[in-house]
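One structure is given here, and the rest of the page talks about it.
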Amino acid sequence: MIEILSPAEVERGRATGALVGDILQSLRRRARVGTSLLEIDRWAKVMIEEAGAQSCYVDYAPSFGRGPFGHYICTGVNDAVLHAKPSDHRLAEGDLLTLDLAVSLDGIAADAAISFVVGGSSDAESAALIEATERALAAGIAAAVPGARTGDLSHAIGSVLRDAGYAINTDFGGHGIGSTMHQDPHVANDGRPGRGFPLRPGMLLALEPWVMADTDVLVTDADGWTLRSATGCRTAHSEHTIAITEQGAEILTLPTEA
Ligand code: MG
């Protein structure tokens with residue numbers, strides 16, 4: 001089922017989105033060399049609870065995961081890209097970290113992800129991976145104009161990733177969001193323009209391009225959740241929740257702080 005939110009519900013989505021954006025920004029500032037992924041998870045839990053919000057992840061138990069996720073944020077390091085379960089791994093200089101967070105506030109969920117390099121130095125491969133996902137996300141958002149279809153967004157995202165030289169895995173991608181975290185329609189990270197569901201004002205979509213440096217094959221960790229590149233190569237992932245309005249797409253998950 002595809003939810004169309006009322007203006008009042010979209011307004012609540014703005015508050016949820018700002019909270020997600022601000023928590024991610026705060027965690028980005030606090031994550032440094034020596035920080036453990038479990039510490040980041042605890043910081044996320046505290047910020048979610050202080051805001052009176054609920055984690056969409058802690059009880060999340062889809063068919064592909066093993067039991068409830070049990071944590072508050074996904075923390076993917078280097079080859080770990082999706083559903084990455086926080087561990088006692090301590091961040092090292094140059095680690096490529098992906099933080100993916102979804103929470104619900106006053107009944108409306110928002111979902112976003114950022115990738116960045118820990119410490120002062122970034123290698124060219126990591127910078128290119130991150131930049132490609134950010135640019136693909138921007139292209140998907142720009143394509144989300146009234147009258148567009150989900151396939152137009154998929155095509156815009158996939159074109160950027162492909163032109164950047166990456167193979168695209170379409171097993172996991174964007175999705176509708178609203179009263180729950182994952183809803184129809186699916187917004188694949190590649191597709192044909194003119195196909196799919198027509199966008200309507202009041203729809204919320206989470207767009208989330210992600211790539212792996214030299215493969216499109218994922219493997220699942222022994223933890224039953226964390227998805228890694230099959231070759232051990234680096235990965236990146238960028239995500240925003242957007243609202244479809246009469247004027248175009250409005251990004252809900254931008255941080256409100258500088
Ligand atoms: Mg998502």
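In the structure tokens, chains take the letters A, B, ... in the order shown, each chain's residues start at 1, and ligands count up from 1 in the order shown.
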
**Message:** What residues of the protein or nucleic acid chains come within 8 Å of ligand 1 when you use only C-alpha atoms and all ligand atoms? Reply as a list in words.
**Reply:** Asp100, Ala102, Asp111, Ala112, Ala113, Gly173, Gly174, His175, Met181, His182, Ala206, Leu207, Glu208 and Glu239 of chain A

Just the selected residues (N, CA, C and O atoms), exported as an mmCIF file, in the first residue's frame, please.
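After the write, selection23.cif holds the following:
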```cif
data_model
loop_
_atom_site.group_PDB
_atom_site.id
_atom_site.type_symbol
_atom_site.label_atom_id
_atom_site.label_comp_id
_atom_site.auth_asym_id
_atom_site.auth_seq_id
_atom_site.Cartn_x
_atom_site.Cartn_y
_atom_site.Cartn_z
ATOM 1 N N ASP A 100 23.556 4.876 9.190
ATOM 2 C CA ASP A 100 22.211 4.827 8.617
ATOM 3 C C ASP A 100 21.224 4.775 9.779
ATOM 4 O O ASP A 100 21.311 3.889 10.623
ATOM 5 N N ALA A 102 17.097 5.452 11.211
ATOM 6 C CA ALA A 102 15.667 5.692 11.005
ATOM 7 C C ALA A 102 14.979 5.753 12.360
ATOM 8 O O ALA A 102 15.187 4.888 13.203
ATOM 9 N N ASP A 111 14.308 8.444 7.498
ATOM 10 C CA ASP A 111 15.412 7.502 7.312
ATOM 11 C C ASP A 111 16.489 8.230 6.506
ATOM 12 O O ASP A 111 16.177 8.837 5.473
ATOM 13 N N ALA A 112 17.734 8.208 6.961
ATOM 14 C CA ALA A 112 18.811 8.859 6.217
ATOM 15 C C ALA A 112 20.119 8.158 6.507
ATOM 16 O O ALA A 112 20.269 7.480 7.533
ATOM 17 N N ALA A 113 21.083 8.329 5.600
ATOM 18 C CA ALA A 113 22.410 7.735 5.777
ATOM 19 C C ALA A 113 23.470 8.692 5.258
ATOM 20 O O ALA A 113 23.242 9.411 4.277
ATOM 21 N N GLY A 173 17.222 -0.985 -2.189
ATOM 22 C CA GLY A 173 17.185 0.374 -2.700
ATOM 23 C C GLY A 173 16.241 1.232 -1.888
ATOM 24 O O GLY A 173 15.996 0.960 -0.707
ATOM 25 N N GLY A 174 15.717 2.271 -2.532
ATOM 26 C CA GLY A 174 14.856 3.207 -1.828
ATOM 27 C C GLY A 174 13.448 2.655 -1.654
ATOM 28 O O GLY A 174 13.090 1.623 -2.215
ATOM 29 N N HIS A 175 12.660 3.414 -0.898
ATOM 30 C CA HIS A 175 11.356 2.892 -0.490
ATOM 31 C C HIS A 175 10.444 4.019 -0.029
ATOM 32 O O HIS A 175 10.897 5.066 0.427
ATOM 33 N N MET A 181 8.629 2.460 8.556
ATOM 34 C CA MET A 181 9.906 2.772 7.903
ATOM 35 C C MET A 181 9.959 2.305 6.448
ATOM 36 O O MET A 181 10.478 3.014 5.599
ATOM 37 N N HIS A 182 9.500 1.091 6.177
ATOM 38 C CA HIS A 182 9.623 0.534 4.828
ATOM 39 C C HIS A 182 8.243 0.289 4.251
ATOM 40 O O HIS A 182 7.463 -0.492 4.784
ATOM 41 N N ALA A 206 12.212 7.448 0.779
ATOM 42 C CA ALA A 206 13.617 7.394 1.189
ATOM 43 C C ALA A 206 14.407 6.926 -0.026
ATOM 44 O O ALA A 206 14.167 5.835 -0.540
ATOM 45 N N LEU A 207 15.296 7.781 -0.522
ATOM 46 C CA LEU A 207 16.158 7.427 -1.660
ATOM 47 C C LEU A 207 17.528 7.095 -1.104
ATOM 48 O O LEU A 207 18.063 7.835 -0.268
ATOM 49 N N GLU A 208 18.126 5.987 -1.561
ATOM 50 C CA GLU A 208 19.380 5.570 -0.926
ATOM 51 C C GLU A 208 20.343 4.856 -1.864
ATOM 52 O O GLU A 208 20.503 3.649 -1.799
ATOM 53 N N GLU A 239 21.703 8.650 1.873
ATOM 54 C CA GLU A 239 20.246 8.540 1.888
ATOM 55 C C GLU A 239 19.600 9.785 2.480
ATOM 56 O O GLU A 239 20.104 10.352 3.451
#
```

**helix (DSSP H, G or I) call set, DSSP backbone run, stretch 4-182 of chain A, as a ChimeraX atom specification** = /A:7-30,37-50,124-142,150-163

Non-local contacts of A:Ala144 (7 Å; only C-alpha atoms; under 6 positions in same chain excluded) as a CSV table (one decimal) with N, CA and C atoms, in the first residue's frame:
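Writing done, so here's part-v1.csv:
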```csv
chain,number,residue,atom,x,y,z
A,153,LEU,N,13.2,8.3,-11.1
A,153,LEU,CA,14.2,8.5,-10.0
A,153,LEU,C,15.2,7.4,-10.1
A,248,GLY,N,7.7,20.1,-6.1
A,248,GLY,CA,8.9,19.2,-6.3
A,248,GLY,C,9.2,18.5,-5.0
A,249,ALA,N,10.4,18.1,-4.9
A,249,ALA,CA,10.8,17.3,-3.7
A,249,ALA,C,11.4,18.2,-2.6
```

**Residues near stretch 195-201 of chain A, cut-off 9 Å, only C-alpha atoms, skip fewer than 6 positions along chain, as a PyMOL selection string** = chain A and resi 4-5+144-152+185+187+243-248

**Message:** Residues within 12 Å of A:Pro62, please, as a ChimeraX atom specification. Count only C-alpha atoms; anything in the same chain fewer than 3 positions from it doesn't count.
**Reply:** /A:56-59,65-69,83,181-182,224-225

Let's have the selection written as a PDB file, in the first residue's frame, with N, CA, C and O atoms.
```pdb
ATOM      1  N   CYS A  56      13.389   2.888  14.745  1.00  0.00           N
ATOM      2  CA  CYS A  56      12.743   1.966  13.805  1.00  0.00           C
ATOM      3  C   CYS A  56      13.537   0.665  13.682  1.00  0.00           C
ATOM      4  O   CYS A  56      13.083  -0.283  13.047  1.00  0.00           O
ATOM      5  N   TYR A  57      14.738   0.628  14.235  1.00  0.00           N
ATOM      6  CA  TYR A  57      15.615  -0.521  14.016  1.00  0.00           C
ATOM      7  C   TYR A  57      15.598  -1.542  15.146  1.00  0.00           C
ATOM      8  O   TYR A  57      15.779  -2.730  14.911  1.00  0.00           O
ATOM      9  N   VAL A  58      15.415  -1.082  16.394  1.00  0.00           N
ATOM     10  CA  VAL A  58      15.752  -1.963  17.516  1.00  0.00           C
ATOM     11  C   VAL A  58      14.925  -3.248  17.491  1.00  0.00           C
ATOM     12  O   VAL A  58      15.443  -4.329  17.774  1.00  0.00           O
ATOM     13  N   ASP A  59      13.647  -3.151  17.092  1.00  0.00           N
ATOM     14  CA  ASP A  59      12.799  -4.348  17.027  1.00  0.00           C
ATOM     15  C   ASP A  59      12.607  -4.843  15.590  1.00  0.00           C
ATOM     16  O   ASP A  59      11.779  -5.708  15.338  1.00  0.00           O
ATOM     17  N   GLY A  65      16.868 -10.646   7.825  1.00  0.00           N
ATOM     18  CA  GLY A  65      17.757 -10.513   8.979  1.00  0.00           C
ATOM     19  C   GLY A  65      17.543 -11.659   9.957  1.00  0.00           C
ATOM     20  O   GLY A  65      16.544 -12.367   9.891  1.00  0.00           O
ATOM     21  N   ARG A  66      18.484 -11.821  10.855  1.00  0.00           N
ATOM     22  CA  ARG A  66      18.349 -12.897  11.835  1.00  0.00           C
ATOM     23  C   ARG A  66      17.848 -12.302  13.153  1.00  0.00           C
ATOM     24  O   ARG A  66      18.632 -11.739  13.906  1.00  0.00           O
ATOM     25  N   GLY A  67      16.551 -12.422  13.396  1.00  0.00           N
ATOM     26  CA  GLY A  67      15.972 -11.926  14.637  1.00  0.00           C
ATOM     27  C   GLY A  67      15.953 -10.416  14.673  1.00  0.00           C
ATOM     28  O   GLY A  67      16.371  -9.758  13.723  1.00  0.00           O
ATOM     29  N   PRO A  68      15.465  -9.821  15.775  1.00  0.00           N
ATOM     30  CA  PRO A  68      15.442  -8.356  15.872  1.00  0.00           C
ATOM     31  C   PRO A  68      16.843  -7.772  15.770  1.00  0.00           C
ATOM     32  O   PRO A  68      17.799  -8.377  16.271  1.00  0.00           O
ATOM     33  N   PHE A  69      16.946  -6.587  15.140  1.00  0.00           N
ATOM     34  CA  PHE A  69      18.262  -5.959  14.927  1.00  0.00           C
ATOM     35  C   PHE A  69      18.935  -5.651  16.266  1.00  0.00           C
ATOM     36  O   PHE A  69      20.145  -5.816  16.419  1.00  0.00           O
ATOM     37  N   HIS A  83      22.705  -2.566   6.591  1.00  0.00           N
ATOM     38  CA  HIS A  83      22.235  -3.291   7.792  1.00  0.00           C
ATOM     39  C   HIS A  83      23.398  -3.648   8.701  1.00  0.00           C
ATOM     40  O   HIS A  83      23.375  -4.696   9.356  1.00  0.00           O
ATOM     41  N   MET A 181       8.629   2.460   8.556  1.00  0.00           N
ATOM     42  CA  MET A 181       9.906   2.772   7.903  1.00  0.00           C
ATOM     43  C   MET A 181       9.959   2.305   6.448  1.00  0.00           C
ATOM     44  O   MET A 181      10.478   3.014   5.599  1.00  0.00           O
ATOM     45  N   HIS A 182       9.500   1.091   6.177  1.00  0.00           N
ATOM     46  CA  HIS A 182       9.623   0.534   4.828  1.00  0.00           C
ATOM     47  C   HIS A 182       8.243   0.289   4.251  1.00  0.00           C
ATOM     48  O   HIS A 182       7.463  -0.492   4.784  1.00  0.00           O
ATOM     49  N   GLY A 224      24.482 -12.371  10.783  1.00  0.00           N
ATOM     50  CA  GLY A 224      23.166 -12.547  10.181  1.00  0.00           C
ATOM     51  C   GLY A 224      22.541 -11.266   9.668  1.00  0.00           C
ATOM     52  O   GLY A 224      21.427 -11.289   9.143  1.00  0.00           O
ATOM     53  N   TRP A 225      23.220 -10.148   9.786  1.00  0.00           N
ATOM     54  CA  TRP A 225      22.675  -8.856   9.388  1.00  0.00           C
ATOM     55  C   TRP A 225      23.569  -8.084   8.435  1.00  0.00           C
ATOM     56  O   TRP A 225      23.131  -7.614   7.396  1.00  0.00           O
TER      57      TRP A 225
END
```

**Asked** With only C-alpha atoms as the atoms that count, which of A:Ile130, A:Ala53, A:Ala80, A:Ile108 lies nearest to A:Thr231?
**Response**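 Once distances to A:Thr231 are computed over only C-alpha atoms, the minimum belongs to A:Ala80.
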
**Message:** List as a VMD selection string the protein and nucleic acid residues near stretch 210-220 of chain A, meaning an atom at most 10 Å away when only C-alpha atoms are counted, but skip any in the same chain fewer than 6 places from it.
**Reply:** chain A and resid 64 to 65 78 to 84 113 115 125 to 126 128 to 130 132 to 134 136 to 137 157 161 to 162 165 to 173 189 226 to 239
